[in-house]
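A.B. asks: Okay, handing you the structure first.
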Amino acid sequence: MCGIVAVLLADPSAAVNQELYDSLTSLQHRGQDAAGIVTADQRRRLHLHKDNGLVRDVFKLQHMIQLIGNVGLGHVRYPTAGASSNVQEAQPFVTNIPFGICLCHNGNITNSTELTQQLSARYTVSTDSDSELLLSIYADELLRQMWGGDKEGQSLDQSSAGLTVDVIFNACRGLMARARGGYAALVLINGYGVLAFRDPWGIRPLCYGSRNAKQFLGTSKKDWCVASESVALECQEFDLHGDVLPGQAVFISLKGEVTTKMCHSSPVLAPCIFEYVYFGRPDSIIDGVSVYAARKAMGDKLAEKIRRLYDPSEIDVVVPVPETSRISALQCAIKLGVPYEEGLNKNRYIARTFIMPGQQKRKKNVRKKLNPCHGVFEDKNVMLVDDSIVRGTTSEQIVQMVRSAGAKKVFFCSASPAIRYANVYGIDMPVQAELIAFGRDEKEIARAISADWVVYQELDDLTSAVRECNPAIEFFDTSCFNGVYVTGDVNAAYFQALKDHRSDSILSVDGGKGDDIDSLPQDSRGISSHNTTSPEKLVRKIKELSILEGDEGTEDKDSNSSIGVVDGVVAAKTSGQLGHARPRGRVIGAKHRAVQAADELAAVDPANHPNGLRNEDMEKLRDRFSGWV
Ligand SMILES: O=P(O)(O)OC[C@H]1O[C@H](OP(=O)(O)OP(=O)(O)O)[C@H](O)[C@@H]1O
Ligand SMILES: NC(=O)CC[C@H](N)C(=O)O
């Protein structure tokens, strides 16, 4: 789930960079892998900075001062296509022709293969990102409209070469006819304004609002903001006007004129219900639903189900699995009349684990993130409440942890139903078999996570909990719970392709050992994402070398031993990260280069460092590769 934001300031001399940065920090919970900002200045120059990492790591003073202009877009990424390590796939994407168009996107396109084929005949497709495709389609549609399409309508600019508001919307209509899946997107058309649109099912959220422009108080001039969640608006003191409707596009010109248009003939609102379960911040309002209120209602319904199945007097204490489950867990405890205790302490410096790339990394970080407060569990029957159980990474470890802390019995409840199906609309759960509830009933799941019993929310209860907060929502995307895909276009071949390209085993060719470097918080790695060498930058460089030199490589029959040389350092990691980003020949070519590079680093033998690399090793790495970054 990515976070997207656009800000347009009425004062042409005002700088938008800090507003975008601040908005992105309030959307950080939606994506931790990469961040980017693009701005446009009065000379129609575009300024872009994007990199892997959290917002605070990606943007340093030297980058911020380059981001000139009063209008811009921002993005935080949680990849569902391409590679988490590939900085080329960080967003926004930019194309110079026509006008200079920048795009950022939250969601996932389900007909990427077909679109890539269509586009690559006439355009360059440089990455595996579906968002790049979306940008190319929009540019393509705009060109079609201007060359051959309807030129009627309000002119935006005397010298605008046929660009009218109608052309902008017609291009969006064309895009919606071609792109399938879930998408909320922001497009900056340089010199003209920002277009915001949402797929015809409104699967991914998008809202907008305005505030009186500080420099023009007493006039009607307004600053505008469009973002994934209302919290990004509120923190910048924008008033929420509402959500972009499914299939609708909203165009805000640089003069602050707002035009909305429906770009699809049969839109139906079916927002992703997992936004309310996990992704959204509780202080956000999404499609008229307070995420906080929805989570409280989930707690009520969960308590009712527990009461139907078990005697609450057998539960001594209810403990949430922080962070997201807290609201539901507290309400559930109140409803059951059982004491609530914050028995698991969350290390606030460890980010969200579910949206981290790679199962090994997620696993390691759960233990670092949560630790029991012992007195809470000793000799107690404990009921743990989480918002969801996805791969079971968290629940499995937490049950053990709580038992070690002295619990007599451990019951585990989920405020959402069992997740048994893949998600294809922007949540990275591509493969059913990786889900702990796939092919298991409650008893088997309890056994798998070593709990005494497990209770899941009923799907009808979940939808009612959210609908109670906004009865106008008739439908939801509930695909990960019931396998019903609202866009109707996903089939067995699509799932097979996802499995082939995005399963954990494919994404972690290094078996997770190389994740040691990544799983450390940035600061303690002895490297930062700027100025010094990072594994990500090495990956990039090695990739570049292998591609520039056209080295397709040869099949490495002895790949295990080759990887073994560098296991846990850079090369295995490199080949792992390249594994899904490039065709196999290139991967192998890159792997050879990586192995060569690592051979030169013989001094850095991971076998001597079972607990990870030391600073001196990192220095060797840095010295060796200093010319590369
Ligand atoms: O079954 P799993 O695969 O472990 O996934 C589910 C867990 O992941 C999430 O936690 P996360 O740390 O991402 O976020 P949070 O701190 O906001 O709860 C979620 O809240 C569950 O605890
Ligand atoms: N989770 C998302 O919204 C991902 C956006 C896009 N599909 C990417 O992988 O970058």
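Here, A, B, ... name the chains of the structure tokens in the order displayed, residue numbers run from 1 inside each chain, and ligands are numbered from 1 in the same displayed order.
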Considering only C-alpha atoms, return as a PDB file with N, CA and C atoms, in the first residue's frame whatever protein or nucleic-acid residues lie within 7 Å of stretch 74-85 of chain A, sequence-local ones (same chain, fewer than 3 positions apart) excluded.
C.D. replies:
```pdb
ATOM      1  N   MET A   1       0.838  -1.179   0.000  1.00  0.00           N
ATOM      2  CA  MET A   1       0.000   0.000   0.000  1.00  0.00           C
ATOM      3  C   MET A   1       0.872   1.226   0.000  1.00  0.00           C
ATOM      4  N   CYS A   2       0.810   2.019  -1.000  1.00  0.00           N
ATOM      5  CA  CYS A   2       1.657   3.214  -1.018  1.00  0.00           C
ATOM      6  C   CYS A   2       0.869   4.404  -0.509  1.00  0.00           C
ATOM      7  N   GLY A   3       1.586   5.479  -0.229  1.00  0.00           N
ATOM      8  CA  GLY A   3       0.952   6.737   0.139  1.00  0.00           C
ATOM      9  C   GLY A   3       1.282   7.763  -0.922  1.00  0.00           C
ATOM     10  N   ILE A   4       0.260   8.532  -1.352  1.00  0.00           N
ATOM     11  CA  ILE A   4       0.508   9.545  -2.386  1.00  0.00           C
ATOM     12  C   ILE A   4      -0.045  10.887  -1.922  1.00  0.00           C
ATOM     13  N   VAL A   5       0.599  11.961  -2.380  1.00  0.00           N
ATOM     14  CA  VAL A   5       0.127  13.294  -2.008  1.00  0.00           C
ATOM     15  C   VAL A   5       0.506  14.299  -3.098  1.00  0.00           C
ATOM     16  N   ALA A   6      -0.391  15.268  -3.301  1.00  0.00           N
ATOM     17  CA  ALA A   6      -0.097  16.401  -4.193  1.00  0.00           C
ATOM     18  C   ALA A   6      -0.427  17.665  -3.432  1.00  0.00           C
ATOM     19  N   LEU A  20       5.195  18.845   1.307  1.00  0.00           N
ATOM     20  CA  LEU A  20       5.174  17.485   0.764  1.00  0.00           C
ATOM     21  C   LEU A  20       5.902  16.534   1.702  1.00  0.00           C
ATOM     22  N   LEU A  24       4.212  13.408   3.601  1.00  0.00           N
ATOM     23  CA  LEU A  24       4.718  12.035   3.420  1.00  0.00           C
ATOM     24  C   LEU A  24       5.022  11.376   4.760  1.00  0.00           C
ATOM     25  N   GLN A  28       3.676   7.719   6.124  1.00  0.00           N
ATOM     26  CA  GLN A  28       4.784   6.748   6.136  1.00  0.00           C
ATOM     27  C   GLN A  28       4.306   5.321   6.433  1.00  0.00           C
ATOM     28  N   ARG A  30       2.093   3.771   5.176  1.00  0.00           N
ATOM     29  CA  ARG A  30       1.588   3.092   3.979  1.00  0.00           C
ATOM     30  C   ARG A  30       2.713   2.538   3.103  1.00  0.00           C
ATOM     31  N   GLY A  31       3.962   2.938   3.394  1.00  0.00           N
ATOM     32  CA  GLY A  31       5.066   2.449   2.571  1.00  0.00           C
ATOM     33  C   GLY A  31       6.389   2.852   3.167  1.00  0.00           C
ATOM     34  N   GLN A  32       7.283   1.895   3.315  1.00  0.00           N
ATOM     35  CA  GLN A  32       8.538   2.148   4.008  1.00  0.00           C
ATOM     36  C   GLN A  32       9.754   1.906   3.120  1.00  0.00           C
ATOM     37  N   ASP A  33       9.520   1.416   1.885  1.00  0.00           N
ATOM     38  CA  ASP A  33      10.658   0.986   1.076  1.00  0.00           C
ATOM     39  C   ASP A  33      11.365   2.109   0.339  1.00  0.00           C
ATOM     40  N   ALA A  34      10.588   3.075  -0.128  1.00  0.00           N
ATOM     41  CA  ALA A  34      11.189   4.174  -0.894  1.00  0.00           C
ATOM     42  C   ALA A  34      10.303   5.401  -0.746  1.00  0.00           C
ATOM     43  N   ALA A  35      10.903   6.555  -1.037  1.00  0.00           N
ATOM     44  CA  ALA A  35      10.125   7.798  -0.985  1.00  0.00           C
ATOM     45  C   ALA A  35      10.609   8.714  -2.094  1.00  0.00           C
ATOM     46  N   GLY A  36       9.715   9.577  -2.561  1.00  0.00           N
ATOM     47  CA  GLY A  36      10.107  10.495  -3.622  1.00  0.00           C
ATOM     48  C   GLY A  36       9.249  11.741  -3.654  1.00  0.00           C
ATOM     49  N   ILE A  37       9.848  12.815  -4.147  1.00  0.00           N
ATOM     50  CA  ILE A  37       9.113  14.079  -4.330  1.00  0.00           C
ATOM     51  C   ILE A  37       9.518  14.657  -5.679  1.00  0.00           C
ATOM     52  N   VAL A  38       8.534  15.184  -6.420  1.00  0.00           N
ATOM     53  CA  VAL A  38       8.853  15.967  -7.607  1.00  0.00           C
ATOM     54  C   VAL A  38       8.154  17.316  -7.463  1.00  0.00           C
ATOM     55  N   ASN A  52      15.591   4.759  -2.043  1.00  0.00           N
ATOM     56  CA  ASN A  52      15.080   3.747  -1.114  1.00  0.00           C
ATOM     57  C   ASN A  52      15.230   4.249   0.310  1.00  0.00           C
ATOM     58  N   ALA A  90      11.136   3.526  -7.626  1.00  0.00           N
ATOM     59  CA  ALA A  90      10.588   4.465  -6.650  1.00  0.00           C
ATOM     60  C   ALA A  90       9.806   5.512  -7.436  1.00  0.00           C
ATOM     61  N   GLN A  91       8.891   6.167  -6.777  1.00  0.00           N
ATOM     62  CA  GLN A  91       8.019   7.123  -7.461  1.00  0.00           C
ATOM     63  C   GLN A  91       8.205   8.510  -6.860  1.00  0.00           C
ATOM     64  N   PRO A  92       7.799   9.575  -7.521  1.00  0.00           N
ATOM     65  CA  PRO A  92       7.065   9.678  -8.781  1.00  0.00           C
ATOM     66  C   PRO A  92       7.912   9.286 -10.002  1.00  0.00           C
ATOM     67  N   CYS A 104       2.352   9.578  -9.588  1.00  0.00           N
ATOM     68  CA  CYS A 104       2.540   8.620  -8.499  1.00  0.00           C
ATOM     69  C   CYS A 104       1.238   7.859  -8.273  1.00  0.00           C
ATOM     70  N   ASN A 108      -2.388  -1.544  -7.675  1.00  0.00           N
ATOM     71  CA  ASN A 108      -1.724  -2.553  -8.490  1.00  0.00           C
ATOM     72  C   ASN A 108      -2.545  -2.807  -9.750  1.00  0.00           C
ATOM     73  N   ASP A 128       9.966  -2.766 -14.151  1.00  0.00           N
ATOM     74  CA  ASP A 128       8.856  -3.714 -13.982  1.00  0.00           C
ATOM     75  C   ASP A 128       7.706  -3.072 -13.218  1.00  0.00           C
ATOM     76  N   SER A 129       7.764  -1.767 -13.036  1.00  0.00           N
ATOM     77  CA  SER A 129       6.732  -1.094 -12.242  1.00  0.00           C
ATOM     78  C   SER A 129       5.456  -0.872 -13.055  1.00  0.00           C
ATOM     79  N   ASP A 130       4.329  -1.240 -12.466  1.00  0.00           N
ATOM     80  CA  ASP A 130       3.045  -0.986 -13.111  1.00  0.00           C
ATOM     81  C   ASP A 130       2.734   0.515 -13.116  1.00  0.00           C
ATOM     82  N   ILE A 355       4.674  -4.931   6.164  1.00  0.00           N
ATOM     83  CA  ILE A 355       4.992  -4.358   4.853  1.00  0.00           C
ATOM     84  C   ILE A 355       6.495  -4.338   4.552  1.00  0.00           C
ATOM     85  N   PRO A 357       9.881  -6.050   3.075  1.00  0.00           N
ATOM     86  CA  PRO A 357      10.064  -7.039   2.023  1.00  0.00           C
ATOM     87  C   PRO A 357      10.806  -8.275   2.543  1.00  0.00           C
ATOM     88  N   GLY A 426      -2.928  -4.114  -4.550  1.00  0.00           N
ATOM     89  CA  GLY A 426      -2.029  -3.161  -3.893  1.00  0.00           C
ATOM     90  C   GLY A 426      -1.536  -3.594  -2.529  1.00  0.00           C
ATOM     91  N   ILE A 427      -1.917  -4.826  -2.104  1.00  0.00           N
ATOM     92  CA  ILE A 427      -1.353  -5.368  -0.870  1.00  0.00           C
ATOM     93  C   ILE A 427      -0.467  -6.531  -1.294  1.00  0.00           C
ATOM     94  N   ASP A 428       0.729  -6.582  -0.754  1.00  0.00           N
ATOM     95  CA  ASP A 428       1.673  -7.584  -1.232  1.00  0.00           C
ATOM     96  C   ASP A 428       1.430  -8.942  -0.571  1.00  0.00           C
ATOM     97  N   GLU A 536      22.147  -1.521  -1.078  1.00  0.00           N
ATOM     98  CA  GLU A 536      21.226  -1.171  -2.157  1.00  0.00           C
ATOM     99  C   GLU A 536      21.955  -0.496  -3.312  1.00  0.00           C
ATOM    100  N   GLN A 577      18.267  -9.840  -5.000  1.00  0.00           N
ATOM    101  CA  GLN A 577      17.430  -8.688  -5.293  1.00  0.00           C
ATOM    102  C   GLN A 577      17.229  -8.507  -6.783  1.00  0.00           C
ATOM    103  N   HIS A 580      14.166 -10.989  -9.313  1.00  0.00           N
ATOM    104  CA  HIS A 580      12.849 -10.796  -9.897  1.00  0.00           C
ATOM    105  C   HIS A 580      12.801  -9.550 -10.764  1.00  0.00           C
ATOM    106  N   ALA A 581      13.920  -8.833 -10.823  1.00  0.00           N
ATOM    107  CA  ALA A 581      13.881  -7.584 -11.549  1.00  0.00           C
ATOM    108  C   ALA A 581      14.331  -7.735 -12.993  1.00  0.00           C
TER     109      ALA A 581
END
```
A.B. asks: Please list as a PyMOL selection string every residue within 7 Å of A:Phe481, counting only C-alpha atoms and excluding residues in the same chain fewer than 4 positions away.
C.D. replies: chain A and resi 417-421
A.B. asks: Could you write out the selected residues, including all heavy atoms, as a PDB file, in the first residue's frame?
C.D. replies:
```pdb
ATOM      1  N   PRO A 417     -11.376 -11.443   9.415  1.00  0.00           N
ATOM      2  CA  PRO A 417     -11.534 -12.877   9.109  1.00  0.00           C
ATOM      3  C   PRO A 417     -10.223 -13.517   8.654  1.00  0.00           C
ATOM      4  O   PRO A 417      -9.234 -12.824   8.409  1.00  0.00           O
ATOM      5  CB  PRO A 417     -12.563 -12.871   7.968  1.00  0.00           C
ATOM      6  CG  PRO A 417     -13.206 -11.541   8.001  1.00  0.00           C
ATOM      7  CD  PRO A 417     -12.195 -10.589   8.535  1.00  0.00           C
ATOM      8  N   ALA A 418     -10.260 -14.827   8.514  1.00  0.00           N
ATOM      9  CA  ALA A 418      -9.069 -15.556   8.050  1.00  0.00           C
ATOM     10  C   ALA A 418      -8.731 -15.116   6.624  1.00  0.00           C
ATOM     11  O   ALA A 418      -9.619 -15.008   5.767  1.00  0.00           O
ATOM     12  CB  ALA A 418      -9.350 -17.048   8.085  1.00  0.00           C
ATOM     13  N   ILE A 419      -7.455 -14.858   6.390  1.00  0.00           N
ATOM     14  CA  ILE A 419      -7.010 -14.420   5.059  1.00  0.00           C
ATOM     15  C   ILE A 419      -6.565 -15.660   4.301  1.00  0.00           C
ATOM     16  O   ILE A 419      -5.540 -16.261   4.624  1.00  0.00           O
ATOM     17  CB  ILE A 419      -5.879 -13.388   5.197  1.00  0.00           C
ATOM     18  CG1 ILE A 419      -6.442 -12.145   5.906  1.00  0.00           C
ATOM     19  CG2 ILE A 419      -5.284 -13.026   3.840  1.00  0.00           C
ATOM     20  CD1 ILE A 419      -5.429 -11.097   6.251  1.00  0.00           C
ATOM     21  N   ARG A 420      -7.372 -16.046   3.317  1.00  0.00           N
ATOM     22  CA  ARG A 420      -7.101 -17.301   2.604  1.00  0.00           C
ATOM     23  C   ARG A 420      -6.830 -17.094   1.120  1.00  0.00           C
ATOM     24  O   ARG A 420      -6.594 -18.052   0.387  1.00  0.00           O
ATOM     25  CB  ARG A 420      -8.291 -18.260   2.772  1.00  0.00           C
ATOM     26  CG  ARG A 420      -8.519 -18.702   4.217  1.00  0.00           C
ATOM     27  CD  ARG A 420      -9.298 -20.008   4.311  1.00  0.00           C
ATOM     28  NE  ARG A 420      -9.167 -20.580   5.631  1.00  0.00           N
ATOM     29  CZ  ARG A 420     -10.012 -20.384   6.641  1.00  0.00           C
ATOM     30  NH1 ARG A 420     -11.070 -19.618   6.472  1.00  0.00           N
ATOM     31  NH2 ARG A 420      -9.812 -20.940   7.813  1.00  0.00           N
ATOM     32  N   TYR A 421      -6.916 -15.841   0.655  1.00  0.00           N
ATOM     33  CA  TYR A 421      -6.758 -15.582  -0.781  1.00  0.00           C
ATOM     34  C   TYR A 421      -5.734 -14.469  -1.005  1.00  0.00           C
ATOM     35  O   TYR A 421      -5.572 -13.591  -0.150  1.00  0.00           O
ATOM     36  CB  TYR A 421      -8.103 -15.166  -1.391  1.00  0.00           C
ATOM     37  CG  TYR A 421      -9.156 -16.238  -1.256  1.00  0.00           C
ATOM     38  CD1 TYR A 421      -9.952 -16.303  -0.108  1.00  0.00           C
ATOM     39  CD2 TYR A 421      -9.318 -17.201  -2.242  1.00  0.00           C
ATOM     40  CE1 TYR A 421     -10.907 -17.302   0.044  1.00  0.00           C
ATOM     41  CE2 TYR A 421     -10.271 -18.199  -2.102  1.00  0.00           C
ATOM     42  CZ  TYR A 421     -11.059 -18.249  -0.960  1.00  0.00           C
ATOM     43  OH  TYR A 421     -11.995 -19.249  -0.816  1.00  0.00           O
TER      44      TYR A 421
END
```
A.B. asks: Which residue out of A:Phe251, A:Phe279, A:Phe476, A:Trp147 has the minimum interatomic distance to ligand 2 when only C-alpha atoms and all ligand atoms are used?
C.D. replies: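 When distances to ligand 2 are compared using only C-alpha atoms and all ligand atoms, the smallest one comes from A:Phe279.
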A.B. asks: List the neighbours of stretch 289-297 of chain A out to 8 Å using only C-alpha atoms; skip same-chain residues closer than 3 positions along the sequence, and give me the result as number ranges by chain.
C.D. replies: A: 276-277, 280-286, 300-301, 327-328, 331, 465-466, 468-470
A.B. asks: Restricting the calculation to only C-alpha atoms and all ligand atoms, which member of A:Arg502, A:His374, A:Lys222, A:Arg348 is positioned closest to ligand 2?
C.D. replies: A:Arg502
A.B. asks: Compile the contact shell of stretch 122-124 of chain A as a VMD selection string: residues with an atom at most 12 Å away, counting only C-alpha atoms, same-chain residues fewer than 5 positions apart removed.
C.D. replies: chain A and resid 95 97 115 to 117 132 to 133 135 to 137 139 to 140
A.B. asks: Hey, which residues come within 6 Å of ligand 1 if we count only C-alpha atoms and all ligand atoms? Could you give them as a ChimeraX atom specification?
C.D. replies: /A:322-324,352-355,386-394
A.B. asks: Would you list the contacts of A:Val484 as a list in words, taking every protein, DNA or RNA residue within 12 Å and counting only C-alpha atoms, but skipping same-chain residues closer than 5 positions in sequence?
C.D. replies: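 My list of contacting residues is Ala270, Cys272, Arg420, Tyr421, Ala422, Asn423, Val424, Phe475, Phe476, Asp477, Thr478, Ser479, Asp489, Val490 and Asn491 of chain A.
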A.B. asks: Quote the spacing between atom CA of A:Arg43 and atom CA of A:Ala15 in Å to one decimal place.
C.D. replies: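 Distance between the two atoms: 13.8 Å.
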A.B. asks: For atom CA of A:Leu302 and atom CA of A:Arg447, determine how far apart the two atoms are, in Å to one decimal place.
C.D. replies: 20.9 Å
A.B. asks: Kindly indicate which residue among A:Met298, A:Ala472, A:Ile109, A:Ile436 lies nearest to ligand 2, using only C-alpha atoms and all ligand atoms for the distances.
C.D. replies: A:Ile109
A.B. asks: Counting only C-alpha atoms and all ligand atoms, which residue out of A:Lys255, A:Lys335, A:Arg204, A:Lys221 sits closest to ligand 2?
C.D. replies: A:Arg204
A.B. asks: Using backbone DSSP assignments, extract all strand (DSSP E or B) residues from stretch 90-201 of chain A; output them as a ChimeraX atom specification.
C.D. replies: /A:93-95,101-109,155,164,181-189,193-198
A.B. asks: Point out the residue among A:Ser414, A:Ser266, A:Gln236, A:Ser228 with the least atom-to-atom distance to ligand 2, counting only C-alpha atoms and all ligand atoms.
C.D. replies: A:Ser228
A.B. asks: Go through A:Gln88, A:Asn190, A:Ser13, A:Gln62 one by one, measure the shortest atom-to-atom distance of each to ligand 2 using only C-alpha atoms and all ligand atoms, and give the residue with the smallest value.
C.D. replies: A:Gln88
A.B. asks: Tell me, as an NGL selection string, which residues lie within 12 Å of stretch 261-263 of chain A, counting only C-alpha atoms; anything in the same chain fewer than 3 positions away does not count.
C.D. replies: :A and (165-177 or 195-200 or 244-252 or 258 or 266-268)
A.B. asks: Which neighbours of A:Tyr340 fall inside 7 Å, counting only C-alpha atoms, when residues of the same chain fewer than 2 positions from it are skipped, and could you give them as a list in words?
C.D. replies: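 Final neighbour list, sorted by chain and number: Val317, Val318, Val319, Leu330, Ala333, Val338 and Glu342 of chain A.
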